[in-house]
file query.txt (compact mmCIF, C-alpha atoms)
# COMPACT_ATOMS: atom_id res chain seq x y z
CA MET A 1 -11.29 -4.10 20.85
CA LYS A 2 -13.13 -1.52 18.78
CA LEU A 3 -13.38 -1.13 15.00
CA TYR A 4 -14.28 2.15 13.34
CA ASN A 5 -16.17 0.69 10.43
CA VAL A 6 -17.93 1.68 7.22
CA ALA A 7 -20.57 -0.96 6.43
CA TYR A 8 -20.27 -0.95 2.60
CA SER A 9 -16.48 -0.46 2.53
CA GLY A 10 -14.33 -3.35 1.36
CA ASN A 11 -11.45 -2.05 3.46
CA SER A 12 -13.56 -2.30 6.60
CA TYR A 13 -14.95 -5.65 5.48
CA LYS A 14 -11.41 -7.12 5.32
CA VAL A 15 -11.08 -6.59 9.06
CA ARG A 16 -14.58 -7.89 9.84
CA LEU A 17 -13.88 -11.03 7.81
CA LEU A 18 -10.53 -11.83 9.43
CA ARG A 19 -11.97 -10.99 12.83
CA ALA A 20 -14.77 -13.53 12.31
CA GLN A 21 -12.28 -16.20 11.20
CA VAL A 22 -9.74 -15.57 13.95
CA GLY A 23 -12.55 -15.31 16.47
CA ILE A 24 -11.83 -11.92 17.99
CA ALA A 25 -14.56 -10.04 19.84
CA CYS A 26 -14.78 -6.46 18.65
CA ASP A 27 -17.20 -3.56 19.07
CA ILE A 28 -18.23 -1.87 15.86
CA VAL A 29 -18.46 1.90 15.67
CA GLU A 30 -20.17 2.85 12.42
CA ILE A 31 -18.74 5.91 10.65
CA ASP A 32 -20.95 7.69 8.13
CA ILE A 33 -18.51 9.07 5.56
CA LEU A 34 -21.32 10.65 3.54
CA GLN A 35 -22.20 12.70 6.62
CA GLY A 36 -18.56 13.74 7.01
CA GLU A 37 -18.01 11.65 10.13
CA SER A 38 -14.49 10.64 9.04
CA ARG A 39 -13.47 14.33 8.87
CA THR A 40 -14.73 15.60 12.24
CA PRO A 41 -12.13 16.97 14.67
CA GLU A 42 -13.06 14.05 16.94
CA PHE A 43 -12.34 11.41 14.32
CA LEU A 44 -9.18 13.16 13.12
CA LYS A 45 -7.85 12.77 16.66
CA ILE A 46 -8.23 9.01 16.18
CA ASN A 47 -6.83 8.93 12.62
CA PRO A 48 -5.25 12.20 11.43
CA ASN A 49 -5.43 10.81 7.89
CA GLY A 50 -9.22 10.76 8.12
CA ARG A 51 -9.63 7.27 6.73
CA THR A 52 -11.39 4.11 7.82
CA PRO A 53 -11.13 1.42 9.09
CA VAL A 54 -9.30 2.14 12.33
CA LEU A 55 -8.73 -0.43 15.06
CA ASP A 56 -8.58 0.56 18.71
CA ASP A 57 -7.09 -2.31 20.71
CA ASN A 58 -7.48 -1.13 24.27
CA GLY A 59 -5.98 2.27 23.49
CA PHE A 60 -3.56 1.14 20.78
CA VAL A 61 -4.83 2.82 17.62
CA LEU A 62 -3.99 1.37 14.21
CA ALA A 63 -5.07 2.60 10.78
CA GLU A 64 -4.70 1.15 7.25
CA SER A 65 -6.79 -1.94 6.59
CA ASN A 66 -3.89 -4.16 5.52
CA ALA A 67 -1.77 -3.16 8.52
CA ILE A 68 -4.72 -4.12 10.72
CA LEU A 69 -4.93 -7.48 8.93
CA ALA A 70 -1.21 -8.05 9.56
CA TYR A 71 -1.56 -7.04 13.23
CA LEU A 72 -4.47 -9.41 13.86
CA ALA A 73 -3.03 -12.24 11.75
CA ARG A 74 0.49 -12.28 13.19
CA GLY A 75 1.10 -15.60 14.89
CA THR A 76 -1.93 -17.22 13.21
CA LYS A 77 -2.20 -19.42 10.13
CA PHE A 78 -3.46 -16.42 8.17
CA LEU A 79 0.07 -14.95 7.99
CA PRO A 80 2.73 -17.56 7.19
CA GLU A 81 5.87 -17.20 9.27
CA ALA A 82 8.41 -18.46 6.71
CA ARG A 83 10.27 -15.43 5.41
CA LYS A 84 9.56 -15.72 1.66
CA ARG A 85 5.89 -16.61 2.04
CA TRP A 86 5.55 -13.87 4.62
CA ALA A 87 7.07 -11.33 2.21
CA LEU A 88 4.80 -12.46 -0.65
CA VAL A 89 1.74 -11.87 1.53
CA PHE A 90 2.89 -8.27 1.95
CA GLN A 91 3.71 -8.01 -1.77
CA TRP A 92 0.11 -8.85 -2.64
CA MET A 93 -1.30 -6.56 0.04
CA PHE A 94 0.76 -3.66 -1.35
CA PHE A 95 -0.35 -4.64 -4.85
CA GLU A 96 -3.93 -4.47 -3.61
CA GLN A 97 -3.60 -0.98 -2.15
CA TYR A 98 -1.62 0.46 -5.07
CA SER A 99 -2.76 -1.32 -8.24
CA HIS A 100 -6.22 -2.68 -7.38
CA GLU A 101 -8.14 -0.68 -4.77
CA PRO A 102 -7.55 2.79 -6.30
CA TYR A 103 -9.26 1.55 -9.48
CA ILE A 104 -11.83 -1.10 -8.57
CA ALA A 105 -12.92 0.30 -5.21
CA VAL A 106 -13.08 3.85 -6.56
CA ALA A 107 -15.12 2.86 -9.64
CA ARG A 108 -17.47 0.94 -7.35
CA ALA A 109 -17.76 3.93 -5.01
CA TRP A 110 -18.58 6.24 -7.92
CA LEU A 111 -21.14 3.91 -9.51
CA HIS A 112 -22.61 2.19 -6.48
CA VAL A 113 -22.08 4.24 -3.31
CA PHE A 114 -21.87 7.96 -4.07
CA THR A 115 -24.43 7.63 -6.82
CA GLY A 116 -25.71 11.19 -6.77
CA ARG A 117 -22.51 12.70 -8.14
CA GLN A 118 -21.40 13.35 -11.72
CA VAL A 119 -18.69 10.97 -12.95
CA GLU A 120 -16.31 12.22 -15.65
CA PRO A 121 -16.18 9.63 -18.46
CA ASP A 122 -12.40 10.01 -18.90
CA ARG A 123 -11.77 9.44 -15.22
CA LEU A 124 -14.08 6.43 -15.12
CA ARG A 125 -12.36 4.96 -18.19
CA GLU A 126 -9.01 5.25 -16.42
CA LYS A 127 -10.43 3.47 -13.39
CA MET A 128 -11.85 0.69 -15.54
CA GLU A 129 -8.59 0.21 -17.44
CA GLY A 130 -6.54 0.13 -14.23
CA GLY A 131 -9.00 -2.27 -12.62
CA TYR A 132 -8.85 -4.67 -15.56
CA ARG A 133 -5.04 -4.51 -15.52
CA ALA A 134 -5.13 -5.63 -11.87
CA LEU A 135 -7.62 -8.39 -12.67
CA ASP A 136 -5.38 -9.56 -15.54
CA VAL A 137 -2.45 -9.89 -13.13
CA MET A 138 -4.61 -11.81 -10.63
CA GLU A 139 -6.04 -14.13 -13.30
CA ARG A 140 -2.60 -15.01 -14.58
CA HIS A 141 -1.32 -15.67 -11.06
CA LEU A 142 -4.30 -17.85 -10.15
CA ALA A 143 -4.11 -19.94 -13.34
CA ASP A 144 -2.10 -22.60 -11.51
CA ARG A 145 -2.67 -21.68 -7.87
CA ARG A 146 -5.47 -22.17 -5.35
CA PHE A 147 -4.60 -19.08 -3.30
CA PHE A 148 -2.28 -16.10 -3.74
CA VAL A 149 0.56 -17.36 -1.53
CA ALA A 150 1.81 -20.79 -0.56
CA GLU A 151 -1.39 -22.60 -1.65
CA ARG A 152 -2.97 -21.47 1.63
CA TYR A 153 -5.72 -19.03 2.51
CA THR A 154 -3.98 -15.97 3.97
CA ILE A 155 -4.61 -12.28 4.55
CA ALA A 156 -3.38 -11.72 0.97
CA ASP A 157 -6.55 -13.48 -0.19
CA ILE A 158 -8.69 -11.52 2.27
CA ALA A 159 -7.22 -8.21 1.11
CA LEU A 160 -7.81 -9.01 -2.56
CA TYR A 161 -11.20 -10.65 -2.05
CA ALA A 162 -12.72 -7.58 -0.40
CA TYR A 163 -13.15 -5.47 -3.54
CA THR A 164 -12.82 -8.19 -6.19
CA HIS A 165 -15.97 -9.97 -5.07
CA VAL A 166 -17.98 -6.75 -5.43
CA ALA A 167 -16.18 -5.56 -8.59
CA HIS A 168 -19.43 -5.99 -10.57
CA GLU A 169 -20.81 -3.09 -8.52
CA GLY A 170 -18.11 -1.02 -10.28
CA ASP A 171 -19.28 -2.40 -13.64
CA PHE A 172 -16.38 -4.84 -13.95
CA HIS A 173 -17.29 -8.05 -15.74
CA LEU A 174 -15.53 -11.18 -14.53
CA GLY A 175 -16.70 -13.38 -17.43
CA ARG A 176 -13.22 -13.67 -18.89
CA TYR A 177 -11.64 -14.41 -15.51
CA PRO A 178 -12.52 -18.06 -14.75
CA HIS A 179 -9.62 -18.52 -12.32
CA ILE A 180 -10.61 -15.44 -10.34
CA ARG A 181 -14.21 -16.67 -10.17
CA THR A 182 -13.13 -20.09 -8.92
CA TRP A 183 -10.87 -18.44 -6.35
CA LEU A 184 -13.70 -16.14 -5.18
CA ALA A 185 -15.86 -19.22 -4.54
CA ARG A 186 -12.95 -20.90 -2.76
CA VAL A 187 -12.48 -17.91 -0.46
CA ALA A 188 -16.21 -17.73 0.23
CA SER A 189 -16.20 -21.39 1.26
CA GLN A 190 -13.54 -20.94 3.94
CA SER A 191 -14.54 -21.79 7.48
CA GLY A 192 -16.01 -18.81 9.35
CA HIS A 193 -16.58 -16.75 6.21
CA VAL A 194 -19.02 -13.85 6.60
CA PRO A 195 -20.47 -11.80 3.73
CA ILE A 196 -19.85 -8.07 3.33
CA THR A 197 -23.54 -7.45 3.91
CA GLN A 198 -23.55 -9.06 7.33
CA ARG A 199 -24.61 -6.31 9.70
CA GLU A 200 -24.81 -8.33 12.91
CA PHE A 201 -21.66 -8.64 14.98
CA ASP A 202 -20.83 -10.93 17.89
CA MET B 203 20.92 -10.80 -5.03
CA LYS B 204 19.73 -8.68 -7.94
CA LEU B 205 17.65 -5.50 -7.96
CA TYR B 206 15.71 -4.36 -11.01
CA ASN B 207 16.16 -0.65 -10.46
CA VAL B 208 15.11 2.70 -11.86
CA ALA B 209 17.78 5.26 -11.01
CA TYR B 210 15.52 8.30 -10.42
CA SER B 211 12.67 6.35 -8.77
CA GLY B 212 12.07 6.85 -5.07
CA ASN B 213 10.60 3.35 -4.85
CA SER B 214 13.86 1.84 -6.14
CA TYR B 215 15.87 4.22 -3.95
CA LYS B 216 14.16 2.87 -0.81
CA VAL B 217 15.68 -0.53 -1.49
CA ARG B 218 19.10 0.86 -2.39
CA LEU B 219 19.13 2.88 0.85
CA LEU B 220 18.16 0.00 3.14
CA ARG B 221 20.54 -2.29 1.26
CA ALA B 222 23.42 0.10 1.95
CA GLN B 223 22.50 0.35 5.63
CA VAL B 224 21.95 -3.36 6.18
CA GLY B 225 25.08 -4.11 4.17
CA ILE B 226 23.70 -6.48 1.53
CA ALA B 227 25.57 -7.04 -1.71
CA CYS B 228 23.28 -6.72 -4.69
CA ASP B 229 23.66 -6.45 -8.46
CA ILE B 230 21.77 -3.60 -10.05
CA VAL B 231 19.89 -4.13 -13.31
CA GLU B 232 18.82 -0.76 -14.64
CA ILE B 233 15.33 -0.66 -16.23
CA ASP B 234 14.56 2.21 -18.62
CA ILE B 235 10.83 2.82 -18.16
CA LEU B 236 10.84 5.58 -20.76
CA GLN B 237 12.06 3.02 -23.30
CA GLY B 238 9.29 0.61 -22.26
CA GLU B 239 11.66 -1.82 -20.57
CA SER B 240 9.22 -2.47 -17.70
CA ARG B 241 6.58 -3.65 -20.21
CA THR B 242 8.59 -6.07 -22.34
CA PRO B 243 7.47 -9.74 -22.34
CA GLU B 244 10.79 -10.52 -20.69
CA PHE B 245 10.23 -8.13 -17.78
CA LEU B 246 6.56 -9.11 -17.40
CA LYS B 247 7.78 -12.65 -16.77
CA ILE B 248 9.68 -11.27 -13.79
CA ASN B 249 6.87 -9.00 -12.57
CA PRO B 250 3.52 -9.50 -14.31
CA ASN B 251 2.42 -6.16 -12.83
CA GLY B 252 5.14 -4.40 -14.86
CA ARG B 253 6.43 -2.29 -12.00
CA THR B 254 9.80 -1.64 -10.44
CA PRO B 255 11.67 -2.25 -8.20
CA VAL B 256 11.82 -6.03 -8.18
CA LEU B 257 14.22 -8.05 -6.04
CA ASP B 258 15.56 -11.39 -7.20
CA ASP B 259 17.10 -13.19 -4.24
CA ASN B 260 18.68 -16.23 -5.84
CA GLY B 261 15.53 -17.06 -7.77
CA PHE B 262 13.01 -15.79 -5.22
CA VAL B 263 11.32 -12.87 -6.96
CA LEU B 264 9.65 -10.14 -4.89
CA ALA B 265 7.90 -6.99 -6.12
CA GLU B 266 6.49 -3.93 -4.30
CA SER B 267 9.10 -1.65 -2.78
CA ASN B 268 7.70 -1.76 0.74
CA ALA B 269 7.38 -5.55 0.72
CA ILE B 270 11.04 -5.69 -0.33
CA LEU B 271 11.92 -3.36 2.57
CA ALA B 272 10.06 -5.66 4.97
CA TYR B 273 11.76 -8.76 3.55
CA LEU B 274 15.25 -7.29 3.86
CA ALA B 275 14.59 -5.66 7.25
CA ARG B 276 13.01 -8.64 9.01
CA GLY B 277 15.19 -9.65 11.91
CA THR B 278 17.15 -6.37 11.84
CA LYS B 279 16.78 -3.19 13.89
CA PHE B 280 15.05 -1.55 10.90
CA LEU B 281 11.84 -3.50 11.60
CA PRO B 282 10.95 -3.63 15.30
CA GLU B 283 9.78 -7.04 16.46
CA ALA B 284 7.32 -5.91 19.18
CA ARG B 285 3.83 -6.42 17.79
CA LYS B 286 2.44 -2.88 18.08
CA ARG B 287 5.57 -1.15 16.81
CA TRP B 288 5.80 -3.71 14.02
CA ALA B 289 2.18 -3.01 13.02
CA LEU B 290 2.74 0.76 13.06
CA VAL B 291 5.68 0.38 10.67
CA PHE B 292 3.30 -1.32 8.24
CA GLN B 293 0.62 1.31 8.89
CA TRP B 294 3.01 4.05 7.75
CA MET B 295 4.23 2.03 4.77
CA PHE B 296 0.62 1.51 3.61
CA PHE B 297 -0.01 5.22 4.23
CA GLU B 298 2.98 5.96 2.03
CA GLN B 299 1.76 3.82 -0.88
CA TYR B 300 -1.88 4.95 -0.69
CA SER B 301 -1.90 8.55 0.54
CA HIS B 302 1.58 9.89 -0.27
CA GLU B 303 3.26 8.25 -3.27
CA PRO B 304 0.28 8.49 -5.68
CA TYR B 305 0.36 12.28 -5.19
CA ILE B 306 3.91 13.38 -4.48
CA ALA B 307 5.74 10.83 -6.63
CA VAL B 308 3.32 11.28 -9.51
CA ALA B 309 3.53 15.11 -9.43
CA ARG B 310 7.32 14.79 -9.36
CA ALA B 311 7.26 12.35 -12.28
CA TRP B 312 5.07 14.70 -14.32
CA LEU B 313 7.12 17.82 -13.57
CA HIS B 314 10.61 16.41 -13.26
CA VAL B 315 10.93 13.05 -15.05
CA PHE B 316 8.48 12.80 -17.96
CA THR B 317 8.88 16.46 -18.74
CA GLY B 318 7.98 16.29 -22.42
CA ARG B 319 4.32 15.49 -21.80
CA GLN B 320 1.32 17.79 -21.35
CA VAL B 321 0.03 17.94 -17.76
CA GLU B 322 -3.67 18.70 -17.22
CA PRO B 323 -3.94 21.54 -14.68
CA ASP B 324 -6.91 19.92 -12.89
CA ARG B 325 -5.06 16.65 -12.49
CA LEU B 326 -1.94 18.38 -11.24
CA ARG B 327 -4.00 20.40 -8.75
CA GLU B 328 -5.45 17.14 -7.36
CA LYS B 329 -1.96 15.72 -7.00
CA MET B 330 -0.75 18.84 -5.20
CA GLU B 331 -3.72 18.86 -2.82
CA GLY B 332 -3.33 15.16 -2.03
CA GLY B 333 0.40 15.58 -1.51
CA TYR B 334 -0.06 18.47 0.90
CA ARG B 335 -2.68 16.47 2.81
CA ALA B 336 -0.09 13.71 3.29
CA LEU B 337 2.56 16.23 4.33
CA ASP B 338 0.10 17.74 6.85
CA VAL B 339 -0.41 14.31 8.42
CA MET B 340 3.35 13.73 8.58
CA GLU B 341 4.07 17.18 10.05
CA ARG B 342 1.51 16.68 12.78
CA HIS B 343 2.89 13.25 13.62
CA LEU B 344 6.50 14.48 13.74
CA ALA B 345 5.71 17.47 15.94
CA ASP B 346 6.68 15.50 19.04
CA ARG B 347 8.56 12.56 17.56
CA ARG B 348 12.06 12.00 16.16
CA PHE B 349 11.00 9.17 13.83
CA PHE B 350 7.69 7.72 12.64
CA VAL B 351 7.61 4.70 14.96
CA ALA B 352 9.04 3.98 18.38
CA GLU B 353 11.51 6.90 18.28
CA ARG B 354 13.76 4.74 16.15
CA TYR B 355 14.86 4.87 12.53
CA THR B 356 12.92 2.11 10.73
CA ILE B 357 11.79 1.16 7.24
CA ALA B 358 8.74 3.40 7.84
CA ASP B 359 11.16 6.35 7.75
CA ILE B 360 12.93 4.97 4.68
CA ALA B 361 9.61 4.48 2.84
CA LEU B 362 8.45 8.02 3.61
CA TYR B 363 11.85 9.66 3.10
CA ALA B 364 12.20 8.40 -0.48
CA TYR B 365 9.72 10.79 -2.11
CA THR B 366 9.46 13.42 0.64
CA HIS B 367 13.08 14.48 0.30
CA VAL B 368 12.60 15.10 -3.43
CA ALA B 369 9.08 16.57 -3.10
CA HIS B 370 10.43 19.95 -4.24
CA GLU B 371 10.97 18.33 -7.66
CA GLY B 372 7.18 18.00 -7.74
CA ASP B 373 6.82 21.68 -6.83
CA PHE B 374 5.96 20.98 -3.20
CA HIS B 375 7.21 23.62 -0.81
CA LEU B 376 8.27 22.38 2.61
CA GLY B 377 8.61 25.87 4.13
CA ARG B 378 5.65 25.40 6.42
CA TYR B 379 6.78 21.93 7.52
CA PRO B 380 9.62 22.52 10.00
CA HIS B 381 9.22 19.13 11.68
CA ILE B 382 9.40 17.32 8.35
CA ARG B 383 12.53 19.27 7.42
CA THR B 384 14.21 18.40 10.72
CA TRP B 385 13.24 14.75 10.26
CA LEU B 386 14.61 14.72 6.69
CA ALA B 387 17.97 15.94 8.02
CA ARG B 388 17.82 13.34 10.78
CA VAL B 389 17.23 10.54 8.29
CA ALA B 390 20.03 11.82 6.04
CA SER B 391 22.41 11.75 9.01
CA GLN B 392 21.86 8.06 9.75
CA SER B 393 24.86 5.80 9.52
CA GLY B 394 25.36 4.35 6.04
CA HIS B 395 23.00 6.82 4.36
CA VAL B 396 23.37 7.11 0.57
CA PRO B 397 21.77 9.79 -1.60
CA ILE B 398 19.24 9.02 -4.33
CA THR B 399 21.74 10.29 -6.91
CA GLN B 400 24.40 7.78 -5.95
CA ARG B 401 24.99 5.74 -9.08
CA GLU B 402 27.85 3.61 -7.81
CA PHE B 403 26.96 0.39 -6.06
CA ASP B 404 29.04 -2.00 -3.99
call {"tool": "encode", "arguments": {"input": "query.txt", "output": "structure tokens"}}
result
Amino acid sequence: MKLYNVAYSGNSYKVRLLRAQVGIACDIVEIDILQGESRTPEFLKINPNGRTPVLDDNGFVLAESNAILAYLARGTKFLPEARKRWALVFQWMFFEQYSHEPYIAVARAWLHVFTGRQVEPDRLREKMEGGYRALDVMERHLADRRFFVAERYTIADIALYAYTHVAHEGDFHLGRYPHIRTWLARVASQSGHVPITQREFD
Amino acid sequence: MKLYNVAYSGNSYKVRLLRAQVGIACDIVEIDILQGESRTPEFLKINPNGRTPVLDDNGFVLAESNAILAYLARGTKFLPEARKRWALVFQWMFFEQYSHEPYIAVARAWLHVFTGRQVEPDRLREKMEGGYRALDVMERHLADRRFFVAERYTIADIALYAYTHVAHEGDFHLGRYPHIRTWLARVASQSGHVPITQREFD
């Protein structure tokens, strides 16, 4: 198995984290987005949408971080089988990609990754507002829950952890989110957890 | 079963379309976003994220259009069971929510739904460019395929059909996308198909 990976990307980190916890061996191919490596004709043959991460499972190519999580988690404890719990895991993963990542990950990218570029204040304000809206929804949900779905650690937690735990790099302050902070610590204490900064694989 | 629905919304239409094809009875509760009905305290109790559609299956509440599709399609021919095909359906549904809907649906909303408001030309240009990038990816994929996954009509097609078939309402021109146009006609010819304008249910 091969993962086209961006070291600092939360979307890539999701896959690395699940992979460590499921115990799947996987070669890492580092893609340098800043050098345009996700837009080369070669890479566009792998993913025509030009995005990372991409999984290559012995010739079967799969894009979209949360689809990769679902693929690797199917049949494991990280994706509950019972229909309603299963659907709620997907609900939160779609929430993450639509209402969370486009704000928190993008603000972080602007402020922490692509630091040389000019950021328009109006655009950044929008990202901050959208990010806090997502955090508000998470905080409320976690007020009386240990994890997002079924009181168990699932790929819904992995998907939401990826950019929430580095939200401060996008200037988000988690001070008024005690339940999120407790949940972040709970996720980080799960067996087999690896940090986003871990560069060594296998 | 009850669906909190927005008549003109492609995201709500996805659920109405699958529902018609699977043959599920479902009450429709119309939500008037323009009147703020998706942000009332009452609605936020149903979906704290304040978005539509939301399914209420006898007390089990599920948000996110594509998660609702997955929930209703599980165990039917609309969601293949084989692991790789299953994962590709989710890949395309995440593509739809991240790389397609935020451009094409938003441009359509600005130009066709919320028509009284000022649209910033720079923002609209971004939406158009992003939308055409998504259409390029779809056109390339459909060049030698009848449907998005496994040469079968699945919820990946339903998810992508919803806003693609009304993309012209966002000023997108499909003239240079012959494969998409053929696929749109193919989807519309599926048994049990209902148009987005259909206001009668059951």
call {"tool": "interface_residues", "arguments": {"input": "query.txt", "of": "chain B", "to": "chain A", "cutoff": "8 Å", "atoms": "only C-alpha atoms", "output": "PyMOL selection string"}}
result
chain B and resi 250-251+262+264-266+268-270+272-273+285-286+289-290+292-293+296-297+299-300+336+339
call {"tool": "atom_distance", "arguments": {"input": "query.txt", "atom1": "atom CA of Met1 of chain A", "atom2": "atom CA of Arg108 of chain A"}}
result
29.3 Å
call {"tool": "atom_distance", "arguments": {"input": "query.txt", "atom1": "atom CA of Val321 of chain B", "atom2": "atom CA of Gly130 of chain A"}}
result
19.3 Å
call {"tool": "residues_near_point", "arguments": {"input": "query.txt", "point": "(10.4, 15.0, 6.1)", "cutoff": "10 Å", "atoms": "only C-alpha atoms", "output": "list of chain:residue names"}}
result
B:Leu337, B:Met340, B:Glu341, B:Leu344, B:Phe349, B:Asp359, B:Leu362, B:Tyr363, B:Ala364, B:Tyr365, B:Thr366, B:His367, B:Val368, B:Ala369, B:Leu376, B:Tyr379, B:Pro380, B:His381, B:Ile382, B:Arg383, B:Thr384, B:Trp385, B:Leu386, B:Ala387, B:Arg388, B:Val389
call {"tool": "atom_distance", "arguments": {"input": "query.txt", "atom1": "atom CA of Pro53 of chain A", "atom2": "atom CA of Tyr4 of chain A"}}
result
5.3 Å
call {"tool": "closest_residue", "arguments": {"input": "query.txt", "among": "A:Leu3, A:Tyr13, A:Arg176, A:Ile33", "to": "Gln198 of chain A", "atoms": "all atoms listed in the file"}}
result
A:Tyr13
call {"tool": "residues_around", "arguments": {"input": "query.txt", "residues": "Ala311 of chain B", "least_positions_apart": "3", "cutoff": "12 Å", "atoms": "only C-alpha atoms", "output": "NGL selection string"}}
result
:B and (210-212 or 235-236 or 303-308 or 314-319 or 321 or 326 or 329 or 365 or 368-373)
